[in-house]
Every structure is written in C-alpha cells, then in structure tokens.
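To start, the structure itself, in structure tokens.
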Amino acid sequence: MSGNYRNFLKLLENWPLDISKAGRDLSQHIRDQIQIAFSKGDVPQVNQDQCNRYYASLKRLSLNEYGNRYKRKFESTASGLTHDQCNIALTPELLSEFQEEDLSFLQKIKRRVSGS
C-alpha cells in the first residue's frame, strides 16, 4: 500500500493547485480523496485492482493523453467563448457577481465578455 501512496503523491507533483479556484479545484479534490483513502495506513480492505485503475486514469488525465491524441479543430467552446474567456467567466469574483443578477448564466457571460 505504501507503494501506491507514493505513486499517487508522485503523480500529484505534476498536477499543480489552482488557487484561483478555491473550493472548485480538481487537483485539491483529488488530494483530499487520496488523503482520505490512505489515512488509515495499510488497509487490507482496499481493492488493489480498483486502486490501480484510479491511478492509471489520473495519470492519463495529468498527461493530457486524450487532448494530445485528439487535437481540437476550433479554439471556441459550445458557448462560443474562447478558453481564456471561459477562465475569466469562472473566476470566483465573476461567479458571485452573476449570482446577484437575474439573467441566465450564458447571457451574463456573453454580456460580460462583449462589454455591454
């Protein structure tokens, strides 16, 4: 089990925390789940096959395996926004501002991005 824990910690070294997404960061969530799973030390009830599958899946995500394999043709998203515009739209400040208004989420994003 300690080998599994070390493998997960090594994997997380390449997966930095995004402090701009406090409470919504995938990296922090994964760290919390690993801490919970390994908090009891060597637990014989842990399913080794499942642990290996989780590790392999997280490794593929951290290496962006599918993003590299299947390159995108367009830089926009389904909402019509670019990657940078989506990052701006998902900042905690902007999300709290959106909650105060009575428009749909996409209407608020489009209005904010277009500057009107």
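Ligands are numbered from 1 in the order shown, chains are lettered A, B, ... in the order of the structure tokens, and residues start at 1 in each chain.
Residues with any atom within 12 Å of A:Arg6, counting only C-alpha atoms and excluding same-chain neighbours fewer than 6 positions away, are Leu12, Glu13, Ile34, Gln35, Phe38 and Tyr55 of chain A.
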Keeping only C-alpha atoms, write the selected residues to a file as a PDB file, in the first residue's frame.
```
ATOM      1  CA  LEU A  12       0.248  14.876  -7.896  1.00  0.00           C
ATOM      2  CA  GLU A  13       3.626  16.642  -8.106  1.00  0.00           C
ATOM      3  CA  ILE A  34      -6.184  10.379  -1.611  1.00  0.00           C
ATOM      4  CA  GLN A  35      -5.687  11.622   1.925  1.00  0.00           C
ATOM      5  CA  PHE A  38      -4.781   6.381   2.720  1.00  0.00           C
ATOM      6  CA  TYR A  55      -4.079   5.667 -10.694  1.00  0.00           C
TER       7      TYR A  55
END
```
Original post:
Neighbours of A:Cys86 within 10 Å (only C-alpha atoms; same-chain residues fewer than 4 positions away dropped), as number ranges by chain?
Top reply: A: 76-77, 79-82, 90-91, 109, 113
Give me, as a CSV table (one decimal) with N, CA, C and O atoms, in the first residue's frame, all polymer residues having an atom no more than 12 Å from A:Tyr54, counting only C-alpha atoms and skipping those fewer than 4 positions away in the same chain.
```
chain,number,residue,atom,x,y,z
A,4,ASN,N,1.6,2.3,-3.4
A,4,ASN,CA,0.5,3.0,-4.1
A,4,ASN,C,0.5,4.5,-3.7
A,4,ASN,O,0.3,5.4,-4.5
A,7,ASN,N,3.1,6.4,-5.3
A,7,ASN,CA,2.8,6.6,-6.7
A,7,ASN,C,1.8,7.8,-6.9
A,7,ASN,O,2.0,8.6,-7.8
A,8,PHE,N,0.8,7.8,-6.1
A,8,PHE,CA,-0.2,8.9,-6.1
A,8,PHE,C,0.5,10.3,-5.8
A,8,PHE,O,0.2,11.3,-6.5
A,11,LEU,N,2.5,11.4,-8.8
A,11,LEU,CA,1.6,11.9,-9.8
A,11,LEU,C,1.1,13.3,-9.5
A,11,LEU,O,1.0,14.1,-10.4
A,30,ILE,N,-8.8,15.8,-5.6
A,30,ILE,CA,-8.1,14.6,-5.7
A,30,ILE,C,-7.1,14.4,-4.5
A,30,ILE,O,-7.0,13.3,-4.0
A,33,GLN,N,-9.2,13.3,-1.6
A,33,GLN,CA,-9.7,11.9,-1.7
A,33,GLN,C,-8.5,10.9,-1.4
A,33,GLN,O,-8.7,9.9,-0.8
A,34,ILE,N,-7.3,11.2,-1.9
A,34,ILE,CA,-6.2,10.4,-1.6
A,34,ILE,C,-5.9,10.4,-0.1
A,34,ILE,O,-5.6,9.3,0.5
A,37,ALA,N,-8.4,8.2,1.5
A,37,ALA,CA,-8.2,6.8,1.2
A,37,ALA,C,-7.1,6.2,1.9
A,37,ALA,O,-7.1,5.0,2.3
A,47,ASN,N,-9.2,-2.4,-2.5
A,47,ASN,CA,-9.2,-3.2,-3.7
A,47,ASN,C,-8.0,-2.8,-4.5
A,47,ASN,O,-8.1,-1.7,-5.1
A,48,GLN,N,-7.0,-3.6,-4.7
A,48,GLN,CA,-5.8,-3.3,-5.4
A,48,GLN,C,-6.1,-3.0,-6.9
A,48,GLN,O,-5.5,-2.0,-7.4
A,49,ASP,N,-7.0,-3.8,-7.5
A,49,ASP,CA,-7.3,-3.5,-8.9
A,49,ASP,C,-8.0,-2.2,-9.1
A,49,ASP,O,-7.6,-1.4,-10.0
A,50,GLN,N,-8.9,-1.8,-8.2
A,50,GLN,CA,-9.5,-0.5,-8.3
A,50,GLN,C,-8.5,0.6,-8.1
A,50,GLN,O,-8.6,1.6,-8.8
A,58,LEU,N,-6.0,8.7,-13.5
A,58,LEU,CA,-5.5,10.0,-13.2
A,58,LEU,C,-4.2,10.3,-13.9
A,58,LEU,O,-3.9,11.5,-14.3
A,59,LYS,N,-3.4,9.3,-14.2
A,59,LYS,CA,-2.1,9.5,-14.9
A,59,LYS,C,-2.5,10.0,-16.3
A,59,LYS,O,-1.8,10.9,-16.9
A,60,ARG,N,-3.4,9.3,-17.0
A,60,ARG,CA,-3.8,9.7,-18.3
A,60,ARG,C,-4.3,11.2,-18.3
A,60,ARG,O,-4.0,11.9,-19.3
A,61,LEU,N,-5.1,11.5,-17.3
A,61,LEU,CA,-5.6,12.9,-17.3
A,61,LEU,C,-4.4,13.9,-17.1
A,61,LEU,O,-4.4,15.0,-17.7
```
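For the atom pair formed by atom CA of A:Cys51 and atom CA of A:Ser27, the distance is 17.5 Å, given to one decimal.
Taking atom CA of A:Pro16 and atom CA of A:Asn64 as endpoints, the distance between them is 13.8 Å.
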**OP:** List every residue of chain A that DSSP, applied to the backbone, labels as helix (DSSP H, G or I), and write the result as a VMD selection string.
**Re:** chain A and resid 2 to 13 19 to 21 26 to 37 48 to 62 65 to 69 83 to 89 92 to 100 105 to 114
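As for atom CA of A:Leu63 and atom CA of A:Ala89, they are spaced 25.4 Å apart.
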